[in-house]
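What follows is a set of notes on a single structure, which appears directly below.
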Amino acid sequence: MQIIIPILGGGIYAISSNSSINNSIIEYNTANYGGGIYFSNGNLEIYNTSIYENFSEKGAGLLCNNSNIELEDVYICNNSASDSGGAIYLQNCNSNFNNVSINNNSSNQFGGGIYCVESIINFENENRCSIYDNEIDFRGYGKDIFAVECESMDVILDTFTVTTPTDYFASPISIFNFDILNSTQGALVNSDLFVSLIGDDTNSGTSVEDPLQTINCALSKIYADSLNQNTIHLSSGIFSYENTGEIFPIEWSDFVNLEGSEEGTSVLHGNEQEGVLVFNGVSNSVINNISISNSYPEYAVGISMNYSSPVICNITVTGISRYGISCQNSSNPILYNVSIDGNLYGFGCSYSSNPIIINSLISNNSSIAFYSGYDSNPTFINTTIVNNILPSYIRESSANLFNCILSNEHIYEIDVFQNSSVTIAYSNIQGGIDAVHAWVNSIVYWEEGNIDEDPLFVGAGEHPFALSGLSPCIDTGTPDTTGLNLPPWDIISNERIWDGNEDGITVIDMGCYEFGAPPYVDLDDNVIVQLPKVLLRQNYPNPFNPSTTISFLLQNNSNVELTIYNIKGQKVKQLVSDLRTAGQHSVIWNGKDDSGKPVSSGVYFYKLNVNNNIEAVKKCLLLK
């Protein structure tokens with residue numbers, strides 16, 4: 001006998017109607033969408049009803065769209081969605097919840113309890129609702145509530161899973177205003193947590209002597225916000241499903257840092273799952289000193305970022321079946337000392353993303369080294385891009401390369417598609433400017449200091465792409481590194497700027513390795529190298545007309561002034577003059593002065609002043 005599963009509404013299906021459900025039990029139903037109930041384009045009232053043990057792809061208990069919803073004395077539990085919305089999935093709905101209990105539901109990805117898109121949920125103040133102990137099968141976002149393009153929401157509850165929710169439980173946490181009387185799991189831990197292969201998830205995790213065993217458990221316990229940024233510390237060893245029960249991909253939380261072991265390698269082994277680390281709306285986290293490997297499904301990504309701008313440093317990504325690292329949708333991460341080696345694709349950014357990649361190695365990937373697409377503008381500084389099979393692509397975007405080495409397998413190093421541009425300076429490009437393939441309506445800015453010579457790597461050992469003593473890349477980088485925001489160390493923690501050819505003049509090398517340089521710190525001293533406290537990004541687009549975006553990163557809450565000056569040094573526009581929190585900030589200059597008048601074409605400078613200190617000055621070009 002063939003069992004036919006309905007597409008919409010396993011228990012109840014109704015559209016374009018005014019419907020009421022009273023004193024009912026809706027259980028053990030299955031559909032593709034709306035396992036228990038599917039409702040669309042109308043007004044739905046549900047009273048004194050239990051909805052449980054239903055299954056669907058989305059909205060296992062209830063799926064509603066384009067409707068007005070009234071729920072009163074409704075119990076929704078033990079429903080399971082293979083995608084999103086274990087209990088409820090709302091899209092473009094206006095809802096009122098009165099004494100509704102949503103618990104012990106689950107989904108594979110987002111919103112174990114509630115998943116809502118462009119919807120409003122009004123929680124009754126007197127007859128409070130409860131939302132608790134909902135689950136996500138692999139660590140997604142919003143175990144209990146996940147919202148997409150929703151307005152600020154007052155969540156007034158009798159019981160929630162924890163008393164002080166983070167984006168692990170409700171995402172994005174910034175839109176929710178919680179009023180909670182009780183919780184099932186108590187308070188989160190406002191401190192650093194420790195994770196070890198020999199730990200146990202029943203431990204406190206608050207010390208090296210009493211560690212947890214999984215990163216996911218640590219994320220479920222840790223509390224962090226803009227004033228309480230905490231770190232998860234890993235021991236050395238391989239964190240995988242086989243070794244520790246770790247479930248991938250791990251979706252990261254904002255204001256939480258991840259720190260690998262200084263005594264060995266901390267490896268996140270993806271177990272052929274669809275990705276390893278995922279950032280969604282995370283802009284205040286630092287990921288440091290870990291290795292990521294082995295993620296083989298068709299669309300797996302080692303580190304994936306969406307609307308996120310974390311700082312990622314001292315990371316190795318290898319053995320990924322798609323991109324080693326990818327960022328999209330206005331993601332502006334900073335990558336220091338990152339090795340992306342032996343994946344299908346190296347690095348990718350798209351849809352208005354402006355990452356900065358410094359002191360990094362992109363090598364031995366079996367397709368392209370990097371991709372910049374759809375209004376993005378990556379900047380590669382002292383990055384070595386070698387032994388990749390296909391040329392890098394720039395599509396309807398731009399890219400900047402300073403002090404870089406490109407020596408790959410294809411006749412072209414970079415394909416610059418139409419309506420795109422690339423700026424290259426003080427870099428060694430195999431094949432020279434002819435290896436930068438410019439399509440129709442594309443621009444190649446071939447600046448000073450570029451060469452086309454064999455980089456003469458050492459070719460063997462632990463660092464085969466380090467420079468040999470005969471390399472033409474020694475001391476041939478930009479003489480003035482002002483504005484590049486370089487750390488003081490190279491990819492292996494040696495001095496970043498060193499007189500490698502011993503001619504008495506200290507000039508930075510091309511690529512991620514500095515020839516002949518001593519260690520910046522004695523690694524045996526266990527000294528943690530600090531990241532720059534302030535970073536001013538190059539504006540994008542540049543040149544621009546009529547507007548451009550200027551971004552800067554703060555490691556601490558600071559008083560900030562961001563000011564535009566003309567070429568004569570006269571003040572044109574005050575863009576920022578206030579206290580800003582730690583993290584990434586972006587400001588749009590519309591090409592007008594303080595009086596609101598459009599300024600003329602030409603070169604302008606923007607200066608970042610932090611706590612009364614001038615941190616950086618960059619120039620931009622307005623072309624009309």
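How things are named: the first chain in the structure tokens is A, the next is B, and so on; residues count from 1 in each chain; ligands count from 1 in the order shown.
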Item to check | DSSP strand (DSSP E or B) residues within region 35-177 of chain A, listed as an NGL selection string | outcome: :A and (37-40 or 43-52 or 55-58 or 62-65 or 68-77 or 80-84 or 88-91 or 94-103 or 106-107 or 110 or 114-117 or 120-123 or 129-132 or 135-136 or 145-148 or 153-160 or 170-171 or 176-177)
Checklist entry - Can you tell me, as an MDAnalysis selection string, what residues are no more than 7 Å from region 405-409 of chain A when counting only C-alpha atoms, ignoring any on the same chain fewer than 6 positions away? => result chainID A and resid 383:390 427:430 510:511
Next on the checklist: Set the distance at 6 Å and use only C-alpha atoms: which residues neighbour region 154-169 of chain A once local chain neighbours fewer than 5 positions away are removed? I'd like the list as a count of residues only.
Outcome noted: 22
Checklist entry - Using only C-alpha atoms, which residues sit within 7 Å of His437 (chain A) once same-chain residues fewer than 3 positions away are excluded, as a PyMOL selection string? => result chain A and resi 412+414-416+434
Include N, CA and C atoms and write out the residues we just selected as a short mmCIF file (atom, residue, chain, number, x, y, z; two decimals), in the first residue's frame.
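In the end it all went to again.cif:
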data_model
loop_
_atom_site.label_atom_id
_atom_site.label_comp_id
_atom_site.auth_asym_id
_atom_site.auth_seq_id
_atom_site.Cartn_x
_atom_site.Cartn_y
_atom_site.Cartn_z
N TYR A 412 45.89 32.69 -16.76
CA TYR A 412 45.45 33.94 -16.13
C TYR A 412 45.48 33.78 -14.61
N ILE A 414 43.93 36.33 -12.67
CA ILE A 414 42.65 36.91 -12.26
C ILE A 414 41.80 37.16 -13.50
N ASP A 415 40.53 36.79 -13.43
CA ASP A 415 39.54 37.16 -14.44
C ASP A 415 38.72 38.31 -13.89
N VAL A 416 38.81 39.48 -14.53
CA VAL A 416 38.04 40.65 -14.11
C VAL A 416 36.87 40.79 -15.08
N ASP A 434 49.49 41.09 -18.16
CA ASP A 434 48.82 40.25 -19.15
C ASP A 434 48.10 39.07 -18.51
#
Item to check | helix (DSSP H, G or I) positions in region 136-334 of chain A, given as a list of chain:residue names | outcome: A:Ile173, A:Ser174, A:Ile175, A:Ile215, A:Asn216, A:Cys217, A:Ala218, A:Leu219, A:Ser220, A:Lys221, A:Tyr241, A:Glu242, A:Asn243, A:Thr244
Region 311-328 of chain A surroundings by only C-alpha atoms, 9 Å radius, close-in-sequence under 2 positions cut, as an mmCIF file with N, CA and C atoms, in the first residue's frame:
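This went into part.cif:
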data_model
loop_
_atom_site.group_PDB
_atom_site.id
_atom_site.type_symbol
_atom_site.label_atom_id
_atom_site.label_comp_id
_atom_site.auth_asym_id
_atom_site.auth_seq_id
_atom_site.Cartn_x
_atom_site.Cartn_y
_atom_site.Cartn_z
ATOM 1 N N GLY A 270 35.149 18.143 10.691
ATOM 2 C CA GLY A 270 33.750 18.258 10.287
ATOM 3 C C GLY A 270 32.993 16.987 10.041
ATOM 4 N N GLU A 272 32.489 15.089 7.619
ATOM 5 C CA GLU A 272 31.731 15.062 6.378
ATOM 6 C C GLU A 272 30.347 15.694 6.529
ATOM 7 N N GLY A 275 29.562 21.765 6.571
ATOM 8 C CA GLY A 275 30.196 22.944 7.126
ATOM 9 C C GLY A 275 30.657 22.716 8.548
ATOM 10 N N SER A 283 29.247 40.026 14.815
ATOM 11 C CA SER A 283 30.249 41.032 14.450
ATOM 12 C C SER A 283 31.165 41.397 15.603
ATOM 13 N N ASN A 284 31.091 40.667 16.708
ATOM 14 C CA ASN A 284 31.877 41.032 17.884
ATOM 15 C C ASN A 284 32.551 39.812 18.499
ATOM 16 N N SER A 285 33.091 38.962 17.649
ATOM 17 C CA SER A 285 33.745 37.746 18.122
ATOM 18 C C SER A 285 35.122 37.605 17.485
ATOM 19 N N VAL A 286 36.036 36.987 18.227
ATOM 20 C CA VAL A 286 37.377 36.685 17.731
ATOM 21 C C VAL A 286 37.569 35.173 17.773
ATOM 22 N N ILE A 287 37.951 34.597 16.643
ATOM 23 C CA ILE A 287 38.232 33.168 16.553
ATOM 24 C C ILE A 287 39.730 33.023 16.325
ATOM 25 N N ASN A 288 40.427 32.340 17.228
ATOM 26 C CA ASN A 288 41.889 32.344 17.190
ATOM 27 C C ASN A 288 42.471 30.956 17.445
ATOM 28 N N ASN A 289 43.447 30.605 16.609
ATOM 29 C CA ASN A 289 44.327 29.475 16.873
ATOM 30 C C ASN A 289 43.614 28.124 16.828
ATOM 31 N N ILE A 290 42.900 27.850 15.739
ATOM 32 C CA ILE A 290 42.284 26.541 15.560
ATOM 33 C C ILE A 290 42.522 26.057 14.132
ATOM 34 N N SER A 291 42.268 24.772 13.912
ATOM 35 C CA SER A 291 42.342 24.173 12.585
ATOM 36 C C SER A 291 40.988 23.570 12.248
ATOM 37 N N ILE A 292 40.559 23.746 10.992
ATOM 38 C CA ILE A 292 39.263 23.251 10.531
ATOM 39 C C ILE A 292 39.494 22.304 9.364
ATOM 40 N N SER A 293 38.848 21.130 9.403
ATOM 41 C CA SER A 293 39.118 20.145 8.357
ATOM 42 C C SER A 293 37.931 19.235 8.107
ATOM 43 N N ASN A 294 37.975 18.561 6.945
ATOM 44 C CA ASN A 294 37.135 17.412 6.626
ATOM 45 C C ASN A 294 35.647 17.726 6.640
ATOM 46 N N SER A 295 35.189 18.420 5.615
ATOM 47 C CA SER A 295 33.756 18.650 5.439
ATOM 48 C C SER A 295 33.460 18.450 3.962
ATOM 49 N N TYR A 296 32.850 17.319 3.611
ATOM 50 C CA TYR A 296 32.818 16.867 2.230
ATOM 51 C C TYR A 296 31.510 17.029 1.460
ATOM 52 N N PRO A 297 30.347 17.257 2.061
ATOM 53 C CA PRO A 297 29.128 17.348 1.254
ATOM 54 C C PRO A 297 29.234 18.418 0.176
ATOM 55 N N GLU A 298 28.312 18.379 -0.773
ATOM 56 C CA GLU A 298 28.408 19.207 -1.974
ATOM 57 C C GLU A 298 28.514 20.690 -1.656
ATOM 58 N N TYR A 299 27.781 21.173 -0.669
ATOM 59 C CA TYR A 299 27.750 22.606 -0.396
ATOM 60 C C TYR A 299 28.422 22.962 0.932
ATOM 61 N N ALA A 300 29.341 22.141 1.374
ATOM 62 C CA ALA A 300 30.004 22.398 2.644
ATOM 63 C C ALA A 300 30.949 23.589 2.536
ATOM 64 N N VAL A 301 31.024 24.380 3.602
ATOM 65 C CA VAL A 301 31.945 25.509 3.713
ATOM 66 C C VAL A 301 32.637 25.404 5.071
ATOM 67 N N GLY A 302 33.947 25.616 5.083
ATOM 68 C CA GLY A 302 34.673 25.526 6.345
ATOM 69 C C GLY A 302 34.201 26.559 7.348
ATOM 70 N N ILE A 303 34.299 27.841 6.966
ATOM 71 C CA ILE A 303 33.780 28.947 7.778
ATOM 72 C C ILE A 303 32.849 29.753 6.890
ATOM 73 N N SER A 304 31.600 29.870 7.281
ATOM 74 C CA SER A 304 30.596 30.591 6.504
ATOM 75 C C SER A 304 30.093 31.777 7.307
ATOM 76 N N MET A 305 30.031 32.958 6.665
ATOM 77 C CA MET A 305 29.590 34.181 7.334
ATOM 78 C C MET A 305 28.456 34.838 6.569
ATOM 79 N N ASN A 306 27.428 35.254 7.287
ATOM 80 C CA ASN A 306 26.268 35.908 6.711
ATOM 81 C C ASN A 306 25.914 37.097 7.604
ATOM 82 N N TYR A 307 25.967 38.310 7.057
ATOM 83 C CA TYR A 307 25.758 39.522 7.865
ATOM 84 C C TYR A 307 26.676 39.506 9.096
ATOM 85 N N SER A 308 27.914 39.131 8.919
ATOM 86 C CA SER A 308 28.817 38.958 10.058
ATOM 87 C C SER A 308 30.189 39.540 9.765
ATOM 88 N N SER A 309 30.844 40.010 10.825
ATOM 89 C CA SER A 309 32.174 40.601 10.682
ATOM 90 C C SER A 309 33.069 40.218 11.854
ATOM 91 N N SER A 330 26.807 41.589 3.188
ATOM 92 C CA SER A 330 27.352 42.657 4.044
ATOM 93 C C SER A 330 28.204 42.113 5.186
ATOM 94 N N SER A 331 28.981 41.107 4.905
ATOM 95 C CA SER A 331 29.925 40.583 5.894
ATOM 96 C C SER A 331 31.297 41.203 5.655
ATOM 97 N N ASN A 332 31.900 41.717 6.716
ATOM 98 C CA ASN A 332 33.179 42.417 6.605
ATOM 99 C C ASN A 332 34.192 41.874 7.612
ATOM 100 N N PRO A 333 34.512 40.604 7.546
ATOM 101 C CA PRO A 333 35.455 40.045 8.516
ATOM 102 C C PRO A 333 36.878 40.523 8.271
ATOM 103 N N ILE A 334 37.711 40.380 9.290
ATOM 104 C CA ILE A 334 39.148 40.612 9.172
ATOM 105 C C ILE A 334 39.841 39.283 9.427
ATOM 106 N N LEU A 335 40.688 38.875 8.490
ATOM 107 C CA LEU A 335 41.397 37.605 8.592
ATOM 108 C C LEU A 335 42.890 37.875 8.709
ATOM 109 N N TYR A 336 43.503 37.409 9.793
ATOM 110 C CA TYR A 336 44.945 37.498 9.986
ATOM 111 C C TYR A 336 45.538 36.090 10.015
ATOM 112 N N ASN A 337 46.673 35.916 9.361
ATOM 113 C CA ASN A 337 47.443 34.670 9.508
ATOM 114 C C ASN A 337 46.567 33.439 9.291
ATOM 115 N N VAL A 338 45.854 33.440 8.181
ATOM 116 C CA VAL A 338 44.945 32.346 7.856
ATOM 117 C C VAL A 338 45.520 31.543 6.696
ATOM 118 N N SER A 339 45.481 30.227 6.799
ATOM 119 C CA SER A 339 45.904 29.335 5.721
ATOM 120 C C SER A 339 44.682 28.596 5.192
ATOM 121 N N ILE A 340 44.396 28.795 3.892
ATOM 122 C CA ILE A 340 43.273 28.122 3.232
ATOM 123 C C ILE A 340 43.884 27.210 2.181
ATOM 124 N N ASP A 341 44.011 25.938 2.500
ATOM 125 C CA ASP A 341 44.844 25.036 1.699
ATOM 126 C C ASP A 341 44.116 23.722 1.424
ATOM 127 N N GLY A 342 44.136 23.306 0.151
ATOM 128 C CA GLY A 342 43.644 21.979 -0.183
ATOM 129 C C GLY A 342 42.149 21.817 -0.125
ATOM 130 N N ASN A 343 41.406 22.862 -0.481
ATOM 131 C CA ASN A 343 39.952 22.781 -0.573
ATOM 132 C C ASN A 343 39.550 22.795 -2.049
ATOM 133 N N LEU A 344 38.233 22.793 -2.333
ATOM 134 C CA LEU A 344 37.818 22.969 -3.724
ATOM 135 C C LEU A 344 38.048 24.418 -4.138
ATOM 136 N N TYR A 345 37.425 25.365 -3.442
ATOM 137 C CA TYR A 345 37.653 26.792 -3.639
ATOM 138 C C TYR A 345 38.374 27.333 -2.414
ATOM 139 N N GLY A 346 39.086 28.438 -2.607
ATOM 140 C CA GLY A 346 39.792 29.037 -1.485
ATOM 141 C C GLY A 346 38.904 29.939 -0.658
ATOM 142 N N PHE A 347 38.791 31.204 -1.101
ATOM 143 C CA PHE A 347 38.055 32.224 -0.339
ATOM 144 C C PHE A 347 37.016 32.870 -1.245
ATOM 145 N N GLY A 348 35.829 33.126 -0.716
ATOM 146 C CA GLY A 348 34.795 33.772 -1.512
ATOM 147 C C GLY A 348 34.054 34.830 -0.732
ATOM 148 N N CYS A 349 33.680 35.918 -1.428
ATOM 149 C CA CYS A 349 32.834 36.934 -0.806
ATOM 150 C C CYS A 349 31.841 37.433 -1.845
ATOM 151 N N SER A 350 30.634 37.776 -1.395
ATOM 152 C CA SER A 350 29.604 38.202 -2.334
ATOM 153 C C SER A 350 28.561 39.051 -1.631
ATOM 154 N N TYR A 351 27.804 39.787 -2.441
ATOM 155 C CA TYR A 351 26.678 40.593 -1.976
ATOM 156 C C TYR A 351 27.104 41.600 -0.896
ATOM 157 N N SER A 352 27.842 42.603 -1.371
ATOM 158 C CA SER A 352 28.207 43.766 -0.542
ATOM 159 C C SER A 352 29.059 43.395 0.662
ATOM 160 N N SER A 353 29.972 42.485 0.480
ATOM 161 C CA SER A 353 30.895 42.111 1.552
ATOM 162 C C SER A 353 32.281 42.680 1.267
ATOM 163 N N ASN A 354 32.939 43.176 2.313
ATOM 164 C CA ASN A 354 34.221 43.857 2.161
ATOM 165 C C ASN A 354 35.250 43.312 3.155
ATOM 166 N N PRO A 355 35.647 42.078 3.009
ATOM 167 C CA PRO A 355 36.608 41.499 3.951
ATOM 168 C C PRO A 355 38.019 42.029 3.741
ATOM 169 N N ASN A 365 44.347 24.827 -3.740
ATOM 170 C CA ASN A 365 42.922 24.577 -3.903
ATOM 171 C C ASN A 365 42.665 24.131 -5.340
ATOM 172 N N SER A 376 30.982 43.517 -4.015
ATOM 173 C CA SER A 376 31.904 43.254 -2.911
ATOM 174 C C SER A 376 33.273 43.849 -3.212
ATOM 175 N N ILE A 491 52.916 35.439 9.070
ATOM 176 C CA ILE A 491 52.025 34.292 9.240
ATOM 177 C C ILE A 491 52.552 33.263 10.231
ATOM 178 N N ILE A 492 53.850 33.251 10.484
ATOM 179 C CA ILE A 492 54.406 32.308 11.464
ATOM 180 C C ILE A 492 54.970 33.046 12.676
#
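Of note, CA of Gly260 (chain A) and CA of Trp498 (chain A) are spaced 28.4 Å apart.
Our summary of the geometry notes that CA of Ile368 (chain A) is positioned 22.2 Å from CA of Tyr426 (chain A).
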Next on the checklist: Give me, as an MDAnalysis selection string, all polymer residues having an atom no more than 9 Å from region 108-117 of chain A, counting only C-alpha atoms and skipping those fewer than 6 positions away in the same chain.
Outcome noted: chainID A and resid 58:59 77 80:93 102 131:150 169:171
